[in-house]
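Asker: Before anything else, here's the structure in question.
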Amino acid sequence: MAELPEGFEEKYRQLLGDEADAFIESFDKPVVKAFRQNPLKANMDLYDTESDGKVPWGKWGNYGAVKGHSVDHTTGVIYSQEPSAQLVGELARPKPGERVLDLAAAPGGKTTHLASFMEQKGLLVSNEIFRKRAAILSENVERFGVQNAIVTNHSPQELSPKFPQYFDKIVLDAPCSGEGMFRKDPAAIKYWHEHYPEENATRQREILEEAVKMLKPGGQLVYSTCTFAPEEDERIIAWLISERPDLEIVDADKYEGMDDGKPEWADGNPDLKKTARLFPHHSDGEGHFMAKLVSNQTEDDYVAKEPKLTKDQRALWQDFRTDFLPDYDPALLIAFGDQVYAAPEGTPDLTGLQVMRVGVHLGTLKKKRFEPSLALALALHPDQFTRRYEVTDEEWAKYVHGDTFMIRDREQYKNGWYLLEIGGNGTGFGKLVDGQMKNFYPKGLRFQVREEKNELSDDMY
């Protein structure tokens, strides 16, 4: 039997009654692993990952484990995300062209899921308050090939004045007591005490107060936690609609094994049944709570200005683009120092924002030349590049290790930049010099391909 925190079992025996035994016993069941396929890629078919079946509520969801040193992972074809967490993006389902905010976004599961629905159209602001976690979020956005995201590093209190009534949809996967993760992450058990849920509820109320300031009239807010605690779930939603009468709870789509929210655990409002609960003794996944709300406000929208790239900075990029990417011409280019980005259309004024990533990192301005970034290879489809070289498994293993290699049929290829592809997707750039492919895979990402097990944790990716 799992070593649950003192007071936890007693609390849920009182709340769940006859179901308590099954609930407590579920913490000893095996963790169910899952992942999503990436519809933004040129080819989303699995190359070296096995699926154990589809997640019922996941449009792109599969049961199965992900290996970090696989082609599918390194090229962004898949994202490791446990089954219950995949319902949050499905509930939000942003449309292409909308403005969307993922307010507490690290490590990136929700953001990449939202981006899948948006089809590279519209604006996705993906925010994380902690710098190190924001860096991981930025890496995962890059690997997934998201072109219309801005990754920011702010508290909600800092962000809300920048985006008043701006977003069509806001997703808040709120920091919580983590009760639903006890089985997957036993370390979460050590942090729990009887007052911990209420401490988190205080923080959740503070975050929500800022989140609703950024919601566009008629916009939707999706709130989720990975805890069972009523203090952080039904009671938070009951508090929110009492504070903001313009917000209305709407039905969260439910599938077999999912439960209605429990009005009796809050203020008795029957609309709380429209929220959704996932208990591990009823469904294959960890514990989650979700609610969807709609704003009935009717006020004017916020319009922001767009920054521009200088003429001289644009010239080096244009020389590279004309030769290598002639049909790719992003309308809005931004430079941070010597780093050039293709920003999403409609990017707001970024003055005063801590920005980790804007759209696609195109590359680096060197002396009299432009050097493309890995992000560009992961974001665009191979057929957009004039020069491509399909690597074998052996050549790919050399490439991700940081080695140069001699190409096959070298007389067919002239010197210059090449997109290296595998499995129908870009994996990075190389520069060919007299038959030898120079390696430009980032040093911090290099690894040696081995046969040993290297499954990813959802907490890392």
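Letters A, B, ... mark the chains of the structure tokens in the order given; residue numbers begin at 1 per chain; ligand numbers begin at 1, in order shown.
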Stretch 185-384 of chain A: which residues are helix (DSSP H, G or I) by DSSP, as a ChimeraX atom specification?

Answerer: /A:187-191,196-214,230-232,234-243,263-265,270-274,311-324,374-379,382-384

Asker: When you look at A:Pro442 with a cut-off of 12 Å (counting only C-alpha atoms), what residues show up, excluding the ones that are within fewer than 6 positions of it in the same chain? I need them as a list in words.

Answerer: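 Here the qualifying residues turn out to be Glu139, Pro372, Ser373, Leu374, Ala375, Tyr399, Val400, His401, Gly402, Asp403, Thr427, Gly428, Phe429 and Gly430 of chain A.
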
Asker: Please return as a ChimeraX atom specification: the residues of stretch 280-456 of chain A that backbone DSSP assigns to strand (DSSP E or B).

Answerer: /A:288-295,333-336,339-342,355-358,360-366,369-372,388-390,405-406,416-422,425-433,436-439,455

Asker: Show me, as a list in words, the residues that have an atom within 8 Å of A:Trp57 when counting only C-alpha atoms, minus same-chain residues fewer than 5 positions from it.

Answerer: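 What passes the distance filter is Gln86, Leu87, Glu90 and Tyr255 of chain A.
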
Asker: Since we have the selection now, will you write its residues out, keeping N, CA, C and O atoms, as a PDB file, in the first residue's frame?

Answerer:
```
ATOM      1  N   GLN A  86      -4.185  15.371 -21.071  1.00  0.00           N
ATOM      2  CA  GLN A  86      -4.533  15.653 -22.464  1.00  0.00           C
ATOM      3  C   GLN A  86      -5.953  16.186 -22.623  1.00  0.00           C
ATOM      4  O   GLN A  86      -6.295  16.740 -23.676  1.00  0.00           O
ATOM      5  N   LEU A  87      -6.762  16.065 -21.595  1.00  0.00           N
ATOM      6  CA  LEU A  87      -8.135  16.559 -21.699  1.00  0.00           C
ATOM      7  C   LEU A  87      -8.195  18.088 -21.645  1.00  0.00           C
ATOM      8  O   LEU A  87      -9.126  18.690 -22.174  1.00  0.00           O
ATOM      9  N   GLU A  90      -7.956  19.561 -25.073  1.00  0.00           N
ATOM     10  CA  GLU A  90      -9.177  19.178 -25.799  1.00  0.00           C
ATOM     11  C   GLU A  90     -10.354  20.041 -25.358  1.00  0.00           C
ATOM     12  O   GLU A  90     -11.223  20.383 -26.160  1.00  0.00           O
ATOM     13  N   TYR A 255     -16.097  11.939 -21.016  1.00  0.00           N
ATOM     14  CA  TYR A 255     -16.000  10.626 -21.638  1.00  0.00           C
ATOM     15  C   TYR A 255     -16.182   9.563 -20.567  1.00  0.00           C
ATOM     16  O   TYR A 255     -16.213   9.859 -19.367  1.00  0.00           O
TER      17      TYR A 255
END
```

Asker: Taking 2 positions as the minimum chain separation for residues in the same chain, which residues sit within 8 Å of stretch 277-294 of chain A when counting only C-alpha atoms? Answer as a PyMOL selection string.

Answerer: chain A and resi 22-23+25-27+31-32+82-85+88+91-92+179-181+183-184+218-228+233+237+247-252+256-261+274-275+296

Asker: Taking 4 positions as the minimum chain separation for residues in the same chain, which residues sit within 12 Å of A:Ile334 when counting only C-alpha atoms? Answer as a ChimeraX atom specification.

Answerer: /A:150,306-311,313-314,317,330,338-345,347-350,355,357-364

Asker: Show which residues sit within 9 Å of A:Ala201, as a PDB file with all heavy atoms, in the first residue's frame. Count only C-alpha atoms, and ignore same-chain residues fewer than 5 positions away.

Answerer:
```pdb
ATOM      1  N   CYS A 176      -0.777  23.701  -7.813  1.00  0.00           N
ATOM      2  CA  CYS A 176      -1.706  23.105  -6.854  1.00  0.00           C
ATOM      3  C   CYS A 176      -0.972  22.156  -5.911  1.00  0.00           C
ATOM      4  O   CYS A 176       0.246  21.995  -5.991  1.00  0.00           O
ATOM      5  CB  CYS A 176      -2.833  22.367  -7.585  1.00  0.00           C
ATOM      6  SG  CYS A 176      -2.277  20.884  -8.454  1.00  0.00           S
ATOM      7  N   SER A 177      -1.723  21.493  -5.036  1.00  0.00           N
ATOM      8  CA  SER A 177      -1.135  20.591  -4.044  1.00  0.00           C
ATOM      9  C   SER A 177      -0.671  19.275  -4.638  1.00  0.00           C
ATOM     10  O   SER A 177       0.010  18.493  -3.968  1.00  0.00           O
ATOM     11  CB  SER A 177      -2.141  20.330  -2.912  1.00  0.00           C
ATOM     12  OG  SER A 177      -3.327  19.757  -3.433  1.00  0.00           O
ATOM     13  N   TYR A 196      -2.116  22.434   3.240  1.00  0.00           N
ATOM     14  CA  TYR A 196      -1.483  22.707   1.947  1.00  0.00           C
ATOM     15  C   TYR A 196      -2.497  23.047   0.851  1.00  0.00           C
ATOM     16  O   TYR A 196      -2.290  24.002   0.086  1.00  0.00           O
ATOM     17  CB  TYR A 196      -0.618  21.517   1.537  1.00  0.00           C
ATOM     18  CG  TYR A 196       0.361  21.791   0.434  1.00  0.00           C
ATOM     19  CD1 TYR A 196       1.071  22.988   0.361  1.00  0.00           C
ATOM     20  CD2 TYR A 196       0.608  20.836  -0.551  1.00  0.00           C
ATOM     21  CE1 TYR A 196       1.984  23.227  -0.659  1.00  0.00           C
ATOM     22  CE2 TYR A 196       1.518  21.072  -1.578  1.00  0.00           C
ATOM     23  CZ  TYR A 196       2.196  22.270  -1.624  1.00  0.00           C
ATOM     24  OH  TYR A 196       3.094  22.493  -2.637  1.00  0.00           O
ATOM     25  N   GLU A 206      -5.354  34.431  -6.356  1.00  0.00           N
ATOM     26  CA  GLU A 206      -4.556  35.584  -6.780  1.00  0.00           C
ATOM     27  C   GLU A 206      -4.256  35.520  -8.275  1.00  0.00           C
ATOM     28  O   GLU A 206      -4.306  36.545  -8.976  1.00  0.00           O
ATOM     29  CB  GLU A 206      -3.252  35.616  -5.978  1.00  0.00           C
ATOM     30  CG  GLU A 206      -3.447  35.931  -4.499  1.00  0.00           C
ATOM     31  CD  GLU A 206      -2.173  35.755  -3.693  1.00  0.00           C
ATOM     32  OE1 GLU A 206      -1.175  35.238  -4.257  1.00  0.00           O
ATOM     33  OE2 GLU A 206      -2.168  36.111  -2.492  1.00  0.00           O
ATOM     34  N   GLU A 231     -10.966  22.347  -2.008  1.00  0.00           N
ATOM     35  CA  GLU A 231     -10.525  23.718  -1.756  1.00  0.00           C
ATOM     36  C   GLU A 231      -9.940  24.361  -3.005  1.00  0.00           C
ATOM     37  O   GLU A 231     -10.023  25.586  -3.183  1.00  0.00           O
ATOM     38  CB  GLU A 231      -9.460  23.751  -0.651  1.00  0.00           C
ATOM     39  CG  GLU A 231      -9.921  23.210   0.683  1.00  0.00           C
ATOM     40  CD  GLU A 231      -9.572  21.731   0.861  1.00  0.00           C
ATOM     41  OE1 GLU A 231      -9.685  20.969  -0.126  1.00  0.00           O
ATOM     42  OE2 GLU A 231      -9.190  21.353   1.985  1.00  0.00           O
ATOM     43  N   GLU A 232      -9.313  23.539  -3.874  1.00  0.00           N
ATOM     44  CA  GLU A 232      -8.632  24.041  -5.059  1.00  0.00           C
ATOM     45  C   GLU A 232      -9.437  23.824  -6.338  1.00  0.00           C
ATOM     46  O   GLU A 232      -9.017  24.276  -7.414  1.00  0.00           O
ATOM     47  CB  GLU A 232      -7.277  23.350  -5.209  1.00  0.00           C
ATOM     48  CG  GLU A 232      -6.384  23.478  -3.990  1.00  0.00           C
ATOM     49  CD  GLU A 232      -5.126  22.631  -4.122  1.00  0.00           C
ATOM     50  OE1 GLU A 232      -4.257  23.012  -4.924  1.00  0.00           O
ATOM     51  OE2 GLU A 232      -5.019  21.593  -3.439  1.00  0.00           O
ATOM     52  N   ASP A 233     -10.567  23.146  -6.210  1.00  0.00           N
ATOM     53  CA  ASP A 233     -11.338  22.768  -7.390  1.00  0.00           C
ATOM     54  C   ASP A 233     -12.715  23.433  -7.368  1.00  0.00           C
ATOM     55  O   ASP A 233     -12.854  24.596  -7.730  1.00  0.00           O
ATOM     56  CB  ASP A 233     -11.442  21.241  -7.472  1.00  0.00           C
ATOM     57  CG  ASP A 233     -10.072  20.591  -7.687  1.00  0.00           C
ATOM     58  OD1 ASP A 233      -9.130  21.297  -8.102  1.00  0.00           O
ATOM     59  OD2 ASP A 233      -9.942  19.386  -7.429  1.00  0.00           O
ATOM     60  N   ARG A 235     -14.511  24.664  -5.028  1.00  0.00           N
ATOM     61  CA  ARG A 235     -14.642  25.872  -4.206  1.00  0.00           C
ATOM     62  C   ARG A 235     -13.983  27.081  -4.862  1.00  0.00           C
ATOM     63  O   ARG A 235     -14.430  28.215  -4.680  1.00  0.00           O
ATOM     64  CB  ARG A 235     -14.060  25.621  -2.806  1.00  0.00           C
ATOM     65  CG  ARG A 235     -14.856  24.588  -2.018  1.00  0.00           C
ATOM     66  CD  ARG A 235     -14.236  24.289  -0.676  1.00  0.00           C
ATOM     67  NE  ARG A 235     -14.790  23.054  -0.107  1.00  0.00           N
ATOM     68  CZ  ARG A 235     -14.332  22.457   0.987  1.00  0.00           C
ATOM     69  NH1 ARG A 235     -13.300  22.978   1.645  1.00  0.00           N
ATOM     70  NH2 ARG A 235     -14.899  21.335   1.421  1.00  0.00           N
ATOM     71  N   ILE A 236     -12.928  26.854  -5.619  1.00  0.00           N
ATOM     72  CA  ILE A 236     -12.301  27.951  -6.368  1.00  0.00           C
ATOM     73  C   ILE A 236     -13.252  28.462  -7.454  1.00  0.00           C
ATOM     74  O   ILE A 236     -13.412  29.678  -7.641  1.00  0.00           O
ATOM     75  CB  ILE A 236     -10.975  27.485  -7.004  1.00  0.00           C
ATOM     76  CG1 ILE A 236      -9.882  27.407  -5.944  1.00  0.00           C
ATOM     77  CG2 ILE A 236     -10.557  28.399  -8.147  1.00  0.00           C
ATOM     78  CD1 ILE A 236      -9.417  28.765  -5.432  1.00  0.00           C
TER      79      ILE A 236
END
```

Asker: Name all residues at most 12 Å from A:Leu420 (count only C-alpha atoms; drop same-chain ones fewer than 5 positions away) and give them as number ranges by chain.

Answerer: A: 75, 374, 376-378, 381-383, 385-393, 395-396, 399-400, 407, 425-432, 437-441
